[in-house]
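Enquirer: Sharing entry_6.cif here; it has mmCIF, C-alpha atoms and all ligand atoms.
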```cif
data_input
loop_
_atom_site.group_PDB
_atom_site.id
_atom_site.type_symbol
_atom_site.label_atom_id
_atom_site.label_comp_id
_atom_site.auth_asym_id
_atom_site.auth_seq_id
_atom_site.Cartn_x
_atom_site.Cartn_y
_atom_site.Cartn_z
ATOM 1 C CA MET A 796 -1.325 30.813 -92.992
ATOM 2 C CA ILE A 797 -4.888 30.276 -94.202
ATOM 3 C CA VAL A 798 -7.891 32.492 -93.636
ATOM 4 C CA ILE A 799 -11.337 30.892 -93.452
ATOM 5 C CA GLY A 800 -14.582 32.880 -93.448
ATOM 6 C CA ILE A 801 -17.713 31.356 -91.927
ATOM 7 C CA ALA A 802 -20.979 33.232 -92.532
ATOM 8 C CA GLY A 803 -24.662 32.414 -92.069
ATOM 9 C CA GLY A 804 -27.768 33.778 -90.425
ATOM 10 C CA THR A 805 -28.090 34.262 -86.703
ATOM 11 C CA GLY A 806 -28.766 30.908 -85.038
ATOM 12 C CA SER A 807 -27.595 28.925 -88.072
ATOM 13 C CA GLY A 808 -24.832 27.158 -86.141
ATOM 14 C CA LYS A 809 -21.706 29.155 -87.067
ATOM 15 C CA THR A 810 -20.296 29.271 -83.542
ATOM 16 C CA THR A 811 -20.963 25.562 -83.107
ATOM 17 C CA VAL A 812 -19.151 24.716 -86.359
ATOM 18 C CA VAL A 813 -16.167 26.833 -85.293
ATOM 19 C CA ARG A 814 -16.085 25.175 -81.862
ATOM 20 C CA LYS A 815 -16.129 21.704 -83.427
ATOM 21 C CA ILE A 816 -13.322 22.587 -85.850
ATOM 22 C CA MET A 817 -11.290 23.978 -82.931
ATOM 23 C CA GLU A 818 -11.762 20.725 -81.036
ATOM 24 C CA GLN A 819 -10.184 18.844 -83.949
ATOM 25 C CA LEU A 820 -7.095 21.010 -84.403
ATOM 26 C CA PRO A 821 -4.174 21.908 -82.112
ATOM 27 C CA ALA A 822 -5.264 24.976 -80.097
ATOM 28 C CA ASN A 823 -2.141 27.006 -80.818
ATOM 29 C CA GLN A 824 -2.659 26.707 -84.597
ATOM 30 C CA VAL A 825 -6.059 28.428 -84.843
ATOM 31 C CA SER A 826 -7.227 31.908 -83.941
ATOM 32 C CA ILE A 827 -10.828 33.078 -84.087
ATOM 33 C CA ILE A 828 -12.061 36.475 -85.185
ATOM 34 C CA PRO A 829 -15.725 36.701 -84.123
ATOM 35 C CA GLN A 830 -17.377 39.440 -86.151
ATOM 36 C CA ASP A 831 -19.633 40.167 -83.161
ATOM 37 C CA SER A 832 -16.568 41.643 -81.421
ATOM 38 C CA TYR A 833 -16.374 44.329 -84.103
ATOM 39 C CA TYR A 834 -19.770 45.966 -83.574
ATOM 40 C CA LYS A 835 -19.309 49.733 -83.398
ATOM 41 C CA ARG A 836 -19.186 51.463 -80.035
ATOM 42 C CA ALA A 837 -22.574 52.695 -78.791
ATOM 43 C CA PRO A 838 -23.176 56.381 -79.572
ATOM 44 C CA GLU A 839 -22.577 58.482 -76.450
ATOM 45 C CA GLY A 840 -25.518 59.563 -74.303
ATOM 46 C CA VAL A 841 -28.044 57.119 -75.748
ATOM 47 C CA ALA A 842 -30.071 55.170 -73.178
ATOM 48 C CA LEU A 843 -29.824 51.370 -73.087
ATOM 49 C CA SER A 844 -33.530 51.064 -73.892
ATOM 50 C CA GLU A 845 -32.857 52.978 -77.140
ATOM 51 C CA LEU A 846 -29.633 51.089 -77.926
ATOM 52 C CA ARG A 847 -31.583 47.829 -77.734
ATOM 53 C CA LYS A 848 -33.875 49.055 -80.507
ATOM 54 C CA MET A 849 -30.999 49.743 -82.916
ATOM 55 C CA ASN A 850 -30.378 47.636 -86.019
ATOM 56 C CA TYR A 851 -27.498 45.201 -85.392
ATOM 57 C CA ASP A 852 -28.194 43.242 -88.571
ATOM 58 C CA HIS A 853 -27.205 45.995 -91.010
ATOM 59 C CA PRO A 854 -23.658 46.313 -92.436
ATOM 60 C CA ASP A 855 -23.391 49.821 -90.949
ATOM 61 C CA ALA A 856 -23.458 48.316 -87.443
ATOM 62 C CA PHE A 857 -19.902 46.977 -87.860
ATOM 63 C CA ASP A 858 -16.499 48.654 -87.591
ATOM 64 C CA TRP A 859 -15.228 47.248 -90.892
ATOM 65 C CA ASP A 860 -12.051 49.340 -90.892
ATOM 66 C CA LEU A 861 -10.878 47.850 -87.605
ATOM 67 C CA LEU A 862 -11.905 44.316 -88.592
ATOM 68 C CA GLU A 863 -10.108 44.433 -91.940
ATOM 69 C CA GLN A 864 -7.067 46.144 -90.446
ATOM 70 C CA GLN A 865 -6.727 43.453 -87.772
ATOM 71 C CA ILE A 866 -7.080 40.600 -90.284
ATOM 72 C CA LYS A 867 -4.306 42.203 -92.351
ATOM 73 C CA GLU A 868 -2.123 42.530 -89.237
ATOM 74 C CA LEU A 869 -2.540 38.835 -88.446
ATOM 75 C CA LYS A 870 -1.894 37.866 -92.064
ATOM 76 C CA GLU A 871 1.320 39.868 -91.958
ATOM 77 C CA GLY A 872 2.378 38.020 -88.820
ATOM 78 C CA ARG A 873 1.642 40.660 -86.187
ATOM 79 C CA ALA A 874 -0.393 40.130 -83.003
ATOM 80 C CA ILE A 875 -3.568 42.176 -82.441
ATOM 81 C CA GLU A 876 -5.583 43.498 -79.504
ATOM 82 C CA GLN A 877 -9.038 42.212 -80.405
ATOM 83 C CA PRO A 878 -11.949 44.327 -79.134
ATOM 84 C CA THR A 879 -14.647 42.769 -76.970
ATOM 85 C CA TYR A 880 -18.354 43.557 -77.183
ATOM 86 C CA SER A 881 -21.194 43.005 -74.751
ATOM 87 C CA VAL A 882 -24.660 42.302 -76.180
ATOM 88 C CA PRO A 883 -26.448 43.013 -72.838
ATOM 89 C CA ILE A 884 -25.070 46.577 -72.774
ATOM 90 C CA CYS A 885 -24.946 46.957 -76.595
ATOM 91 C CA ASP A 886 -21.448 48.417 -76.388
ATOM 92 C CA ARG A 887 -17.772 47.642 -76.660
ATOM 93 C CA LEU A 888 -16.016 46.735 -73.401
ATOM 94 C CA PRO A 889 -12.733 48.290 -72.259
ATOM 95 C CA GLU A 890 -10.940 44.900 -72.249
ATOM 96 C CA THR A 891 -9.189 43.568 -75.330
ATOM 97 C CA ILE A 892 -7.986 40.046 -76.154
ATOM 98 C CA HIS A 893 -4.409 39.549 -77.257
ATOM 99 C CA VAL A 894 -4.424 37.380 -80.399
ATOM 100 C CA GLU A 895 -1.193 36.008 -81.833
ATOM 101 C CA PRO A 896 -0.906 35.185 -85.542
ATOM 102 C CA THR A 897 -1.471 31.467 -86.112
ATOM 103 C CA ASN A 898 -1.491 29.104 -89.084
ATOM 104 C CA VAL A 899 -5.280 29.216 -89.346
ATOM 105 C CA ILE A 900 -7.475 32.281 -88.871
ATOM 106 C CA ILE A 901 -11.249 31.803 -88.772
ATOM 107 C CA ILE A 902 -13.495 34.847 -89.253
ATOM 108 C CA GLU A 903 -17.011 34.013 -88.103
ATOM 109 C CA GLY A 904 -20.099 36.186 -88.291
ATOM 110 C CA ILE A 905 -23.398 36.970 -89.967
ATOM 111 C CA MET A 906 -21.682 39.177 -92.560
ATOM 112 C CA ALA A 907 -18.285 37.499 -92.809
ATOM 113 C CA LEU A 908 -18.758 37.172 -96.599
ATOM 114 C CA TYR A 909 -20.420 40.562 -97.141
ATOM 115 C CA ARG A 910 -17.442 42.740 -98.106
ATOM 116 C CA LYS A 911 -15.289 41.994 -101.135
ATOM 117 C CA GLU A 912 -12.233 43.296 -99.263
ATOM 118 C CA MET A 913 -12.745 40.546 -96.665
ATOM 119 C CA ARG A 914 -13.665 37.832 -99.153
ATOM 120 C CA ASP A 915 -10.469 38.515 -101.088
ATOM 121 C CA MET A 916 -8.431 37.818 -97.943
ATOM 122 C CA MET A 917 -10.042 34.384 -97.461
ATOM 123 C CA ASP A 918 -8.699 31.083 -98.751
ATOM 124 C CA LEU A 919 -11.916 29.228 -97.911
ATOM 125 C CA ARG A 920 -15.418 30.685 -97.658
ATOM 126 C CA ILE A 921 -18.197 28.794 -95.915
ATOM 127 C CA TYR A 922 -21.888 29.527 -95.462
ATOM 128 C CA VAL A 923 -23.681 27.710 -92.655
ATOM 129 C CA ASP A 924 -27.287 27.175 -93.675
ATOM 130 C CA ALA A 925 -30.392 26.437 -91.617
ATOM 131 C CA ASP A 926 -34.115 26.838 -92.154
ATOM 132 C CA SER A 927 -35.344 30.215 -90.936
ATOM 133 C CA ASP A 928 -37.970 28.661 -88.639
ATOM 134 C CA GLU A 929 -35.252 26.605 -86.920
ATOM 135 C CA ARG A 930 -33.039 29.670 -86.600
ATOM 136 C CA LEU A 931 -35.931 31.619 -85.092
ATOM 137 C CA ILE A 932 -36.562 28.903 -82.494
ATOM 138 C CA ARG A 933 -32.861 28.860 -81.552
ATOM 139 C CA VAL A 934 -32.670 32.665 -81.357
ATOM 140 C CA ILE A 935 -35.750 32.767 -79.098
ATOM 141 C CA GLU A 936 -34.185 30.147 -76.817
ATOM 142 C CA ARG A 937 -30.826 31.929 -76.719
ATOM 143 C CA ASP A 938 -32.109 35.485 -76.306
ATOM 144 C CA VAL A 939 -34.561 34.552 -73.562
ATOM 145 C CA VAL A 940 -32.090 32.442 -71.591
ATOM 146 C CA GLU A 941 -28.825 34.320 -72.204
ATOM 147 C CA ARG A 942 -29.903 37.855 -73.064
ATOM 148 C CA GLY A 943 -32.864 38.363 -70.704
ATOM 149 C CA ARG A 944 -35.331 39.214 -73.490
ATOM 150 C CA THR A 945 -38.956 38.138 -73.601
ATOM 151 C CA ALA A 946 -40.085 35.761 -76.361
ATOM 152 C CA ARG A 947 -42.483 38.500 -77.584
ATOM 153 C CA VAL A 948 -39.634 41.023 -77.970
ATOM 154 C CA VAL A 949 -37.467 38.465 -79.787
ATOM 155 C CA MET A 950 -40.285 37.513 -82.183
ATOM 156 C CA ASP A 951 -41.173 41.160 -82.972
ATOM 157 C CA ARG A 952 -37.515 41.984 -83.567
ATOM 158 C CA TYR A 953 -37.160 38.933 -85.781
ATOM 159 C CA LEU A 954 -40.070 39.937 -88.026
ATOM 160 C CA LYS A 955 -39.258 43.652 -88.177
ATOM 161 C CA VAL A 956 -35.452 43.563 -88.365
ATOM 162 C CA LEU A 957 -33.706 40.189 -88.499
ATOM 163 C CA LYS A 958 -35.807 38.637 -91.260
ATOM 164 C CA PRO A 959 -35.635 41.552 -93.760
ATOM 165 C CA MET A 960 -31.948 42.182 -93.012
ATOM 166 C CA HIS A 961 -31.178 38.494 -93.483
ATOM 167 C CA ARG A 962 -32.881 38.532 -96.890
ATOM 168 C CA GLU A 963 -31.141 41.715 -97.977
ATOM 169 C CA PHE A 964 -27.611 41.324 -96.626
ATOM 170 C CA ILE A 965 -26.872 37.806 -95.392
ATOM 171 C CA GLU A 966 -28.629 35.205 -97.571
ATOM 172 C CA PRO A 967 -27.223 36.770 -100.811
ATOM 173 C CA THR A 968 -23.650 36.149 -99.576
ATOM 174 C CA LYS A 969 -24.257 32.406 -99.939
ATOM 175 C CA GLU A 970 -23.216 32.727 -103.574
ATOM 176 C CA PHE A 971 -19.690 33.683 -102.497
ATOM 177 C CA ALA A 972 -19.219 30.483 -100.475
ATOM 178 C CA HIS A 973 -17.051 27.616 -101.672
ATOM 179 C CA LEU A 974 -18.996 25.326 -99.339
ATOM 180 C CA ILE A 975 -22.521 25.481 -97.917
ATOM 181 C CA ILE A 976 -22.981 23.493 -94.721
ATOM 182 C CA PRO A 977 -26.538 22.436 -93.929
ATOM 183 C CA GLN A 978 -27.486 21.458 -90.344
ATOM 184 C CA GLY A 979 -24.634 23.584 -88.983
ATOM 185 C CA GLY A 980 -23.275 22.234 -85.748
ATOM 186 C CA GLU A 981 -24.652 18.742 -86.168
ATOM 187 C CA ASN A 982 -23.100 18.168 -89.574
ATOM 188 C CA VAL A 983 -20.273 15.905 -88.418
ATOM 189 C CA ARG A 984 -19.099 15.033 -91.923
ATOM 190 C CA ALA A 985 -18.820 18.669 -93.017
ATOM 191 C CA VAL A 986 -16.665 19.431 -89.974
ATOM 192 C CA GLU A 987 -14.522 16.366 -90.735
ATOM 193 C CA ILE A 988 -14.071 17.490 -94.368
ATOM 194 C CA MET A 989 -13.013 20.944 -93.214
ATOM 195 C CA LYS A 990 -10.559 19.470 -90.753
ATOM 196 C CA VAL A 991 -8.949 17.331 -93.481
ATOM 197 C CA TYR A 992 -8.783 20.347 -95.814
ATOM 198 C CA ILE A 993 -7.186 22.570 -93.168
ATOM 199 C CA GLU A 994 -4.652 19.882 -92.217
ATOM 200 C CA LYS A 995 -3.712 19.394 -95.882
ATOM 201 C CA ILE A 996 -2.992 23.112 -96.319
ATOM 202 C CA LEU A 997 -1.042 23.240 -93.071
ATOM 203 C CA ARG A 998 1.113 20.306 -94.223
ATOM 204 C CA GLU A 999 1.733 21.976 -97.579
ATOM 205 C CA GLN A 1000 2.690 25.232 -95.890
ATOM 206 C CA ALA A 1001 5.030 23.442 -93.472
ATOM 207 C CA LYS A 1002 6.946 21.975 -96.456
ATOM 208 C CA LYS A 1003 7.613 25.441 -97.956
HETATM 209 N N1 LIG B 1101 -27.847 21.455 -86.462
HETATM 210 C C1 LIG B 1101 -28.293 21.866 -85.284
HETATM 211 N N2 LIG B 1101 -29.356 21.257 -84.716
HETATM 212 C C2 LIG B 1101 -29.843 21.672 -83.540
HETATM 213 N N3 LIG B 1101 -29.340 22.703 -82.811
HETATM 214 C C3 LIG B 1101 -28.285 23.342 -83.325
HETATM 215 C C4 LIG B 1101 -27.691 22.975 -84.574
HETATM 216 N N4 LIG B 1101 -26.659 23.819 -84.830
HETATM 217 C C5 LIG B 1101 -26.605 24.678 -83.786
HETATM 218 N N5 LIG B 1101 -27.571 24.376 -82.871
HETATM 219 C C6 LIG B 1101 -27.876 25.117 -81.630
HETATM 220 O O1 LIG B 1101 -28.455 26.344 -82.017
HETATM 221 C C7 LIG B 1101 -28.009 27.412 -81.167
HETATM 222 C C8 LIG B 1101 -27.365 28.490 -82.023
HETATM 223 O O2 LIG B 1101 -26.175 27.955 -82.571
HETATM 224 P P1 LIG B 1101 -24.883 28.859 -82.757
HETATM 225 O O3 LIG B 1101 -23.779 27.955 -83.207
HETATM 226 O O4 LIG B 1101 -24.631 29.700 -81.557
HETATM 227 O O5 LIG B 1101 -25.381 29.771 -83.983
HETATM 228 P P2 LIG B 1101 -24.798 31.125 -84.576
HETATM 229 O O6 LIG B 1101 -23.377 31.271 -84.105
HETATM 230 O O7 LIG B 1101 -24.878 30.935 -86.057
HETATM 231 O O8 LIG B 1101 -25.715 32.210 -84.093
HETATM 232 C C9 LIG B 1101 -27.062 26.773 -80.155
HETATM 233 O O9 LIG B 1101 -27.803 26.508 -78.991
HETATM 234 C C10 LIG B 1101 -26.627 25.476 -80.827
HETATM 235 O O10 LIG B 1101 -26.335 24.471 -79.874
HETATM 236 O O1 LIG B 1102 -25.946 44.476 -79.363
HETATM 237 C C1 LIG B 1102 -26.303 43.525 -80.091
HETATM 238 C C2 LIG B 1102 -25.487 42.989 -81.094
HETATM 239 C C3 LIG B 1102 -25.934 41.929 -81.852
HETATM 240 N N1 LIG B 1102 -27.146 41.400 -81.647
HETATM 241 C C4 LIG B 1102 -27.632 40.287 -82.486
HETATM 242 O O2 LIG B 1102 -26.667 39.246 -82.609
HETATM 243 C C5 LIG B 1102 -26.859 38.573 -83.842
HETATM 244 C C6 LIG B 1102 -25.548 38.130 -84.459
HETATM 245 O O3 LIG B 1102 -24.877 37.205 -83.672
HETATM 246 P P1 LIG B 1102 -24.908 35.607 -83.957
HETATM 247 O O4 LIG B 1102 -23.876 35.105 -83.004
HETATM 248 O O5 LIG B 1102 -24.564 35.369 -85.374
HETATM 249 O O6 LIG B 1102 -26.272 35.117 -83.651
HETATM 250 C C7 LIG B 1102 -27.543 39.545 -84.795
HETATM 251 O O7 LIG B 1102 -28.697 38.945 -85.360
HETATM 252 C C8 LIG B 1102 -27.924 40.737 -83.904
HETATM 253 O O8 LIG B 1102 -29.275 41.098 -84.028
HETATM 254 C C9 LIG B 1102 -27.962 41.911 -80.664
HETATM 255 O O9 LIG B 1102 -29.089 41.420 -80.462
HETATM 256 N N2 LIG B 1102 -27.525 42.966 -79.907
#
```
Will you turn the file into structure tokens for me?
Ligand SMILES: Nc1ncnc2c1ncn2[C@@H]1O[C@H](COP(=O)(O)OP(=O)(O)O)[C@@H](O)[C@H]1O
Ligand SMILES: O=c1ccn([C@@H]2O[C@H](COP(=O)(O)O)[C@@H](O)[C@H]2O)c(=O)[nH]1

Expert:
Amino acid sequence: MIVIGIAGGTGSGKTTVVRKIMEQLPANQVSIIPQDSYYKRAPEGVALSELRKMNYDHPDAFDWDLLEQQIKELKEGRAIEQPTYSVPICDRLPETIHVEPTNVIIIEGIMALYRKEMRDMMDLRIYVDADSDERLIRVIERDVVERGRTARVVMDRYLKVLKPMHREFIEPTKEFAHLIIPQGGENVRAVEIMKVYIEKILREQAKK
């Protein structure tokens, strides 16, 4: 089994890279751990308007214990019940997703490379890079279309929260990456190289 971590700023193209890798490998060999699913539950009794103002780009926003525990479970060959999270309601949902251990586990999220405990569990660490102005444009498009926010709200949030948090907690994790992928989802050669690397490890493991 190999564990791959894919980090990078919001809108950098992480999800797209993961999707393209998935398309190249047999579905039953790869499981995905989206870090977004491990946001903490919303505190009880707080109105949605207040929840929306909270900082989701700080390490404290994540349930690291659950995330690390579930990665360990998969590594040890046990299935997990992965939590699900809804951005529109800023809270965890009651449903879980049953995830079986597979040969390849991909952990994808803005802070996938933030904690040493997680980095130590990874065989390959990747940072998806993109210019911050391009990321901002993509986040505006996504949040307006998919998350019902106004462009003004997205821009204010970007300047006040996302940008400083990115500088403090996300960008510095680039140094822990074995590979930095520029032009995220459109970088066909990077995805091809990853596919070849993953297949090589899977072949080696199959021989053991
Ligand atoms: N290299 C790229 N050029 C143009 N658009 C891209 C590129 N990579 C990703 N996108 C687009 O940007 C948006 C955000 O990408 P996504 O993969 O969801 O980013 P992340 O998971 O890092 O937030 C998506 O609409 C995606 O299609
Ligand atoms: O309730 C929430 C939880 C998260 N966010 C934002 O999502 C991005 C991280 O997701 P990507 O898929 O990497 O873009 C992060 O910047 C959070 O601010 C949110 O808006 N609301």

Enquirer: Hey, which residues sit close to ligand LIG 1101 (chain B)? Say within 7 Å, counting only C-alpha atoms and all ligand atoms, and write them as a ChimeraX atom specification.

Expert: /A:803-812,933-934,937,978-982

Enquirer: Any chance you could work out the residue set of the PyMOL selection byres (((chain A and resi 910) around 12) and not hetatm) here, as a ChimeraX atom specification?

Expert: /A:800,802,854-855,857,859-860,862-863,905-909,911-917,964-965,967-968,971

Enquirer: Got a sec to check which residues lie within 7 Å of ligand LIG 1102 (chain B), using all atoms listed in the file, and send them as a ChimeraX atom specification?

Expert: /A:804-806,810,831,834,847,850-852,881-886,904-905,957

Enquirer: Could those selected residues go to a file with C-alpha atoms, as an mmCIF file, in the frame of the given file?

Expert:
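Okay, this is what ended up in again.cif:
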```cif
data_model
loop_
_atom_site.group_PDB
_atom_site.id
_atom_site.type_symbol
_atom_site.label_atom_id
_atom_site.label_comp_id
_atom_site.auth_asym_id
_atom_site.auth_seq_id
_atom_site.Cartn_x
_atom_site.Cartn_y
_atom_site.Cartn_z
ATOM 1 C CA GLY A 804 -27.768 33.778 -90.425
ATOM 2 C CA THR A 805 -28.090 34.262 -86.703
ATOM 3 C CA GLY A 806 -28.766 30.908 -85.038
ATOM 4 C CA THR A 810 -20.296 29.271 -83.542
ATOM 5 C CA ASP A 831 -19.633 40.167 -83.161
ATOM 6 C CA TYR A 834 -19.770 45.966 -83.574
ATOM 7 C CA ARG A 847 -31.583 47.829 -77.734
ATOM 8 C CA ASN A 850 -30.378 47.636 -86.019
ATOM 9 C CA TYR A 851 -27.498 45.201 -85.392
ATOM 10 C CA ASP A 852 -28.194 43.242 -88.571
ATOM 11 C CA SER A 881 -21.194 43.005 -74.751
ATOM 12 C CA VAL A 882 -24.660 42.302 -76.180
ATOM 13 C CA PRO A 883 -26.448 43.013 -72.838
ATOM 14 C CA ILE A 884 -25.070 46.577 -72.774
ATOM 15 C CA CYS A 885 -24.946 46.957 -76.595
ATOM 16 C CA ASP A 886 -21.448 48.417 -76.388
ATOM 17 C CA GLY A 904 -20.099 36.186 -88.291
ATOM 18 C CA ILE A 905 -23.398 36.970 -89.967
ATOM 19 C CA LEU A 957 -33.706 40.189 -88.499
#
```

Enquirer: Using all atoms listed in the file, find the one residue out of A:Ala972, A:Met960, A:Ile901, A:Val949 that sits nearest to Leu869 of chain A.

Expert: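 Between A:Ala972, A:Met960, A:Ile901, A:Val949, the residue approaching Leu869 of chain A most closely is A:Ile901.
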
Enquirer: Just give me the gap between atom CA of Pro829 of chain A and atom CA of Asp918 of chain A in Å, one decimal is fine.

Expert: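 Atom CA of Pro829 of chain A sits 17.2 Å away from atom CA of Asp918 of chain A.
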
Enquirer: Between A:Val948, A:Ala925, A:Met849, A:Ile900, single out the one closest to Glu868 of chain A, counting only C-alpha atoms.

Expert: A:Ile900

Enquirer: To one decimal place in Å, what is the distance between atom CA of Gln824 of chain A and atom CA of Glu903 of chain A?

Expert: 16.5 Å
